[in-house]
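Q: I am sharing my_file37.pdb, which consists of PDB, C-alpha atoms:
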MODEL        1
ATOM      1  CA  MET A 126     -15.128 -42.038  91.046
ATOM      2  CA  PRO A 127     -18.247 -43.710  89.720
ATOM      3  CA  THR A 128     -17.768 -46.444  87.168
ATOM      4  CA  GLY A 129     -19.690 -46.046  83.934
ATOM      5  CA  GLU A 130     -20.705 -48.669  81.404
ATOM      6  CA  GLY A 131     -17.864 -50.684  79.865
ATOM      7  CA  GLY A 132     -15.366 -49.854  82.591
ATOM      8  CA  VAL A 133     -15.385 -46.105  81.974
ATOM      9  CA  LEU A 134     -14.518 -44.067  85.012
ATOM     10  CA  ALA A 135     -15.642 -40.484  84.907
ATOM     11  CA  SER A 136     -15.821 -37.696  87.438
ATOM     12  CA  ASP A 137     -19.215 -36.145  88.008
ATOM     13  CA  ALA A 138     -17.996 -32.928  86.380
ATOM     14  CA  ARG A 139     -16.918 -34.871  83.230
ATOM     15  CA  GLU A 140     -13.413 -33.451  83.517
ATOM     16  CA  THR A 141     -11.789 -36.889  83.380
ATOM     17  CA  LEU A 142     -12.583 -39.970  81.339
ATOM     18  CA  GLU A 143     -10.753 -43.262  81.932
ATOM     19  CA  TRP A 144     -11.047 -46.669  80.288
ATOM     20  CA  SER A 145      -8.870 -49.601  79.329
ATOM     21  CA  VAL A 146      -8.534 -51.835  76.289
ATOM     22  CA  TRP A 147      -7.029 -55.318  76.269
ATOM     23  CA  PRO A 148      -7.130 -56.807  72.748
ATOM     24  CA  ALA A 149      -5.486 -60.120  73.730
ATOM     25  CA  ARG A 150      -8.297 -60.813  76.184
ATOM     26  CA  ASP A 151     -10.872 -60.064  73.494
ATOM     27  CA  ARG A 152      -9.042 -62.257  70.943
ATOM     28  CA  PRO A 153      -7.494 -65.125  72.944
ATOM     29  CA  TRP A 154      -6.805 -67.308  69.886
ATOM     30  CA  ALA A 155      -4.852 -64.546  68.182
ATOM     31  CA  ALA A 156      -2.868 -63.998  71.389
ATOM     32  CA  ALA A 157      -2.144 -67.733  71.685
ATOM     33  CA  VAL A 158      -0.978 -67.937  68.055
ATOM     34  CA  LEU A 159       1.231 -64.882  68.562
ATOM     35  CA  LEU A 160       2.857 -66.282  71.706
ATOM     36  CA  ALA A 161       3.340 -69.723  70.119
ATOM     37  CA  SER A 162       4.915 -68.069  67.063
ATOM     38  CA  LEU A 163       7.323 -66.153  69.277
ATOM     39  CA  LEU A 164       8.320 -69.387  71.002
ATOM     40  CA  VAL A 165       8.940 -71.105  67.663
ATOM     41  CA  LEU A 166      10.877 -68.058  66.433
ATOM     42  CA  GLY A 167      13.087 -68.167  69.508
ATOM     43  CA  VAL A 168      13.841 -71.858  69.028
ATOM     44  CA  LEU A 169      14.583 -71.419  65.317
ATOM     45  CA  ILE A 170      16.899 -68.464  65.948
ATOM     46  CA  ALA A 171      18.705 -70.248  68.785
ATOM     47  CA  GLU A 172      19.168 -73.415  66.706
ATOM     48  CA  GLY A 173      20.031 -71.584  63.501
ATOM     49  CA  THR A 174      22.613 -69.261  65.025
ATOM     50  CA  GLY A 175      23.774 -71.393  67.919
ATOM     51  CA  ASP A 176      23.234 -68.355  70.159
ATOM     52  CA  ARG A 177      20.709 -68.879  72.975
ATOM     53  CA  VAL A 178      20.860 -65.240  74.043
ATOM     54  CA  LEU A 179      19.762 -64.149  70.570
ATOM     55  CA  GLY A 180      17.107 -66.872  70.634
ATOM     56  CA  VAL A 181      15.612 -65.263  73.739
ATOM     57  CA  ALA A 182      16.257 -61.606  72.831
ATOM     58  CA  ALA A 183      14.625 -61.607  69.384
ATOM     59  CA  PRO A 184      11.191 -62.819  70.570
ATOM     60  CA  VAL A 185      11.349 -60.453  73.558
ATOM     61  CA  PHE A 186      11.941 -57.465  71.245
ATOM     62  CA  ILE A 187       8.985 -58.506  69.111
ATOM     63  CA  LEU A 188       6.841 -59.054  72.207
ATOM     64  CA  VAL A 189       7.603 -55.511  73.367
ATOM     65  CA  SER A 190       6.657 -54.134  69.945
ATOM     66  CA  VAL A 191       3.219 -55.794  70.143
ATOM     67  CA  GLY A 192       2.828 -54.904  73.814
ATOM     68  CA  SER A 193      -0.311 -52.861  73.238
ATOM     69  CA  PHE A 194      -1.990 -56.035  71.949
ATOM     70  CA  ILE A 195      -0.703 -58.380  74.652
ATOM     71  CA  GLY A 196      -1.038 -56.038  77.635
ATOM     72  CA  ARG A 197      -3.866 -53.910  78.905
ATOM     73  CA  THR A 198      -3.664 -50.288  77.771
ATOM     74  CA  GLN A 199      -5.203 -47.645  79.996
ATOM     75  CA  TYR A 200      -6.431 -44.336  78.629
ATOM     76  CA  ARG A 201      -7.150 -41.199  80.608
ATOM     77  CA  LEU A 202      -8.487 -37.984  79.128
ATOM     78  CA  THR A 203      -8.342 -34.891  81.314
ATOM     79  CA  SER A 204      -9.076 -31.266  80.574
ATOM     80  CA  GLU A 205      -5.326 -30.737  80.072
ATOM     81  CA  SER A 206      -3.969 -33.925  78.492
ATOM     82  CA  ILE A 207      -4.309 -37.338  76.892
ATOM     83  CA  GLU A 208      -2.581 -40.060  78.926
ATOM     84  CA  VAL A 209      -1.830 -43.574  77.656
ATOM     85  CA  ARG A 210      -0.283 -46.290  79.846
ATOM     86  CA  THR A 211       0.754 -49.731  78.623
ATOM     87  CA  LEU A 212       3.260 -52.267  79.963
ATOM     88  CA  GLY A 213       4.211 -49.851  82.735
ATOM     89  CA  VAL A 214       5.119 -47.066  80.309
ATOM     90  CA  SER A 215       3.067 -43.908  80.610
ATOM     91  CA  ARG A 216       2.884 -41.205  77.966
ATOM     92  CA  ALA A 217       1.020 -37.906  78.272
ATOM     93  CA  ARG A 218       0.345 -35.364  75.538
ATOM     94  CA  PRO A 219      -1.286 -31.971  76.108
ATOM     95  CA  TRP A 220      -4.461 -31.238  74.163
ATOM     96  CA  GLY A 221      -2.790 -28.064  72.894
ATOM     97  CA  GLU A 222      -0.466 -30.170  70.710
ATOM     98  CA  MET A 223      -3.347 -31.826  68.869
ATOM     99  CA  ARG A 224      -4.625 -30.183  65.687
ATOM    100  CA  ARG A 225      -6.896 -32.821  64.174
ATOM    101  CA  ALA A 226      -9.182 -35.649  65.288
ATOM    102  CA  THR A 227     -10.302 -38.326  62.826
ATOM    103  CA  LEU A 228     -13.049 -40.828  63.579
ATOM    104  CA  ASP A 229     -13.050 -44.326  62.113
ATOM    105  CA  ARG A 230     -14.859 -47.560  62.975
ATOM    106  CA  GLY A 231     -12.728 -48.507  65.971
ATOM    107  CA  GLY A 232     -11.695 -45.225  67.516
ATOM    108  CA  ILE A 233     -10.398 -41.716  67.142
ATOM    109  CA  PHE A 234      -6.952 -40.791  65.881
ATOM    110  CA  LEU A 235      -5.519 -37.546  67.287
ATOM    111  CA  SER A 236      -2.831 -35.885  65.188
ATOM    112  CA  PRO A 237      -0.527 -32.973  65.970
ATOM    113  CA  PHE A 238      -0.665 -32.035  62.275
ATOM    114  CA  GLU A 239      -3.406 -29.985  60.590
ATOM    115  CA  LYS A 240      -3.059 -32.050  57.406
ATOM    116  CA  ARG A 241      -2.075 -35.674  56.907
ATOM    117  CA  SER A 242       1.595 -36.431  57.300
ATOM    118  CA  TRP A 243       3.672 -39.596  57.300
ATOM    119  CA  LEU A 244       4.896 -38.503  60.740
ATOM    120  CA  GLU A 245       1.468 -38.769  62.354
ATOM    121  CA  ALA A 246       1.876 -42.521  62.736
ATOM    122  CA  TYR A 247       4.737 -41.729  65.133
ATOM    123  CA  ARG A 248       3.462 -38.539  66.736
ATOM    124  CA  GLY A 249      -0.280 -39.093  66.890
ATOM    125  CA  VAL A 250      -2.361 -40.845  69.529
ATOM    126  CA  ARG A 251      -4.951 -43.516  68.755
ATOM    127  CA  LEU A 252      -7.893 -43.762  71.145
ATOM    128  CA  PRO A 253      -9.723 -47.060  70.599
ATOM    129  CA  PHE A 254     -13.288 -46.930  71.883
ATOM    130  CA  GLY A 255     -13.167 -50.129  73.914
ATOM    131  CA  GLY A 256     -16.971 -50.246  74.008
ATOM    132  CA  ASN A 257     -17.241 -46.599  75.092
ATOM    133  CA  ARG A 258     -17.742 -44.879  71.766
ATOM    134  CA  ASP A 259     -20.218 -42.222  72.846
ATOM    135  CA  GLN A 260     -18.286 -41.131  75.943
ATOM    136  CA  VAL A 261     -14.907 -40.960  74.159
ATOM    137  CA  LEU A 262     -16.350 -39.151  71.146
ATOM    138  CA  ALA A 263     -18.194 -36.625  73.327
ATOM    139  CA  PHE A 264     -15.062 -35.882  75.355
ATOM    140  CA  VAL A 265     -12.841 -35.423  72.287
ATOM    141  CA  GLU A 266     -15.454 -33.195  70.628
ATOM    142  CA  THR A 267     -15.135 -30.779  73.570
ATOM    143  CA  LYS A 268     -11.449 -30.344  72.631
ATOM    144  CA  LEU A 269     -11.247 -30.694  68.837
ATOM    145  CA  PRO A 270     -13.590 -30.830  65.848
ATOM    146  CA  VAL A 271     -13.880 -34.455  64.731
ATOM    147  CA  THR A 272     -13.833 -35.467  61.063
ATOM    148  CA  VAL A 273     -15.077 -38.809  59.794
ATOM    149  CA  GLU A 274     -12.619 -40.977  57.863
ATOM    150  CA  ALA A 275     -13.946 -41.663  54.358
ATOM    151  CA  GLY A 276     -14.987 -45.297  54.088
ATOM    152  CA  GLY A 277     -14.298 -45.864  57.775
ATOM    153  CA  GLY A 278     -10.655 -46.701  57.036
ATOM    154  CA  GLU A 279      -7.691 -46.304  59.325
ATOM    155  CA  PRO A 280      -5.968 -42.921  59.733
ATOM    156  CA  GLY A 281      -2.944 -42.540  57.524
ATOM    157  CA  ARG A 282      -4.545 -44.331  54.576
ATOM    158  CA  ARG A 283      -5.656 -42.551  51.435
ATOM    159  CA  GLY A 284      -9.122 -41.081  51.273
ATOM    160  CA  LYS A 285     -10.619 -37.727  52.056
ATOM    161  CA  GLY A 286     -12.342 -37.213  55.378
ATOM    162  CA  ARG A 287     -15.453 -35.154  55.880
ATOM    163  CA  ARG A 288     -16.209 -32.934  58.798
ATOM    164  CA  ALA A 289     -18.822 -34.302  61.158
ATOM    165  CA  SER A 290     -21.912 -32.126  61.391
ATOM    166  CA  GLY A 291     -23.825 -32.578  64.584
ATOM    167  CA  PRO A 292     -23.580 -35.900  66.408
ATOM    168  CA  VAL A 293     -21.444 -38.418  64.569
ATOM    169  CA  ALA A 294     -23.438 -41.497  63.634
ATOM    170  CA  GLY A 295     -22.310 -45.053  63.004
ATOM    171  CA  GLY A 296     -19.256 -46.954  64.149
TER     172      GLY A 296
ENDMDL
END
Take the structure in the file and give it back as structure tokens.

A:
Amino acid sequence: MPTGEGGVLASDARETLEWSVWPARDRPWAAAVLLASLLVLGVLIAEGTGDRVLGVAAPVFILVSVGSFIGRTQYRLTSESIEVRTLGVSRARPWGEMRRATLDRGGIFLSPFEKRSWLEAYRGVRLPFGGNRDQVLAFVETKLPVTVEAGGGEPGRRGKGRRASGPVAGG
């Protein structure tokens, strides 16, 4: 497969779009502070409780919860599904489950709900652009109409979106 700009891999027929995002590499100081904080947390828990196992386990659980920041996340859009792989865990969702796509400054949020719901944070899929805004947006627009988040905020926050008319500008 040819490699496009920004690490995007796409078939000639545009049936597959692949890219990866690695926030810790883009923000090394934030990653270093996070890892140092986890080390300090582990020491404090081990000393405070006298339990070394808990002192190791607690930071590991937190590390797993922020795994999408620390590790590289790979995204693959096909004609049938959205696939996300991070820290060796792969998750695929069929396009048929998605009812809404919302564009904000950093990416597109796909929701299985027609209207906003508190559950979408757990059931939706966030597609960060990773420097490939135009390709990701074009691919998603072939599957779902994309609305623009009012004020460019994050999905799930208050504010009314507006439907994009024609090519979506900005971002």

Q: Selected by the PyMOL selection byres ((chain A and resi 226-228) around 8) in the shown coordinates: which residues, as a list in words?

A: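 Answer for the PyMOL selection byres ((chain A and resi 226-228) around 8): Met223, Arg224, Arg225, Asp229, Arg230, Gly232, Ile233, Phe234, Leu235, Ser236, Val265, Leu269, Pro270, Val271, Thr272, Val273, Glu274, Gly277, Pro280 and Gly286 of chain A.
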
Q: If you keep C-alpha atoms, can you produce a file of those selected residues as a JSON list (two decimals), in the coordinates of the input?

A:
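Output file again17.json is given in full below:
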[["chain", "number", "residue", "atom", "x", "y", "z"],
["A", 223, "MET", "CA", -3.35, -31.83, 68.87],
["A", 224, "ARG", "CA", -4.62, -30.18, 65.69],
["A", 225, "ARG", "CA", -6.90, -32.82, 64.17],
["A", 229, "ASP", "CA", -13.05, -44.33, 62.11],
["A", 230, "ARG", "CA", -14.86, -47.56, 62.98],
["A", 232, "GLY", "CA", -11.70, -45.22, 67.52],
["A", 233, "ILE", "CA", -10.40, -41.72, 67.14],
["A", 234, "PHE", "CA", -6.95, -40.79, 65.88],
["A", 235, "LEU", "CA", -5.52, -37.55, 67.29],
["A", 236, "SER", "CA", -2.83, -35.88, 65.19],
["A", 265, "VAL", "CA", -12.84, -35.42, 72.29],
["A", 269, "LEU", "CA", -11.25, -30.69, 68.84],
["A", 270, "PRO", "CA", -13.59, -30.83, 65.85],
["A", 271, "VAL", "CA", -13.88, -34.46, 64.73],
["A", 272, "THR", "CA", -13.83, -35.47, 61.06],
["A", 273, "VAL", "CA", -15.08, -38.81, 59.79],
["A", 274, "GLU", "CA", -12.62, -40.98, 57.86],
["A", 277, "GLY", "CA", -14.30, -45.86, 57.78],
["A", 280, "PRO", "CA", -5.97, -42.92, 59.73],
["A", 286, "GLY", "CA", -12.34, -37.21, 55.38]]

Q: Leaving out stretch 155-172 of chain A and any residue of its chain fewer than 3 positions from it, which residues lie within 10 Å of it when counting only C-alpha atoms, given as a ChimeraX atom specification?

A: /A:148-152,175-185,187-188,191,194-195

Q: Identify, on the basis of all atoms listed in the file, every residue whose closest approach to stretch 217-222 of chain A does not exceed 9 Å; exclude the query and any residue fewer than 4 positions from it along the same chain; express the result as a list in words.

A: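 Selected residues are Thr203, Ser204, Glu205, Ser206, Ile207, Glu208, Val209, Arg210, Ser236, Pro237, Phe238, Val250, Lys268 and Leu269 of chain A.
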
Q: Would you mind telling me which residue in A:Asn257, A:Ser242, A:Thr141, A:Ser190 lies nearest to A:Leu202 when using all atoms listed in the file?

A: A:Thr141

Q: At what distance in Å, to one decimal, does atom CA of A:Val146 lie from atom CA of A:Gln199?

A: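 Between atom CA of A:Gln199 and atom CA of A:Val146 the gap is 6.5 Å.
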
Q: Using all atoms listed in the file, find the one residue out of A:Trp243, A:Trp144, A:Trp154, A:Tyr200 that sits nearest to A:Gly256.

A: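 Of A:Trp243, A:Trp144, A:Trp154, A:Tyr200, the one nearest A:Gly256 is A:Trp144, counting all atoms listed in the file.
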
Q: Would you compute the distance between atom CA of A:Thr198 and atom CA of A:Thr211? Give it in Å to one decimal.

A: 4.5 Å
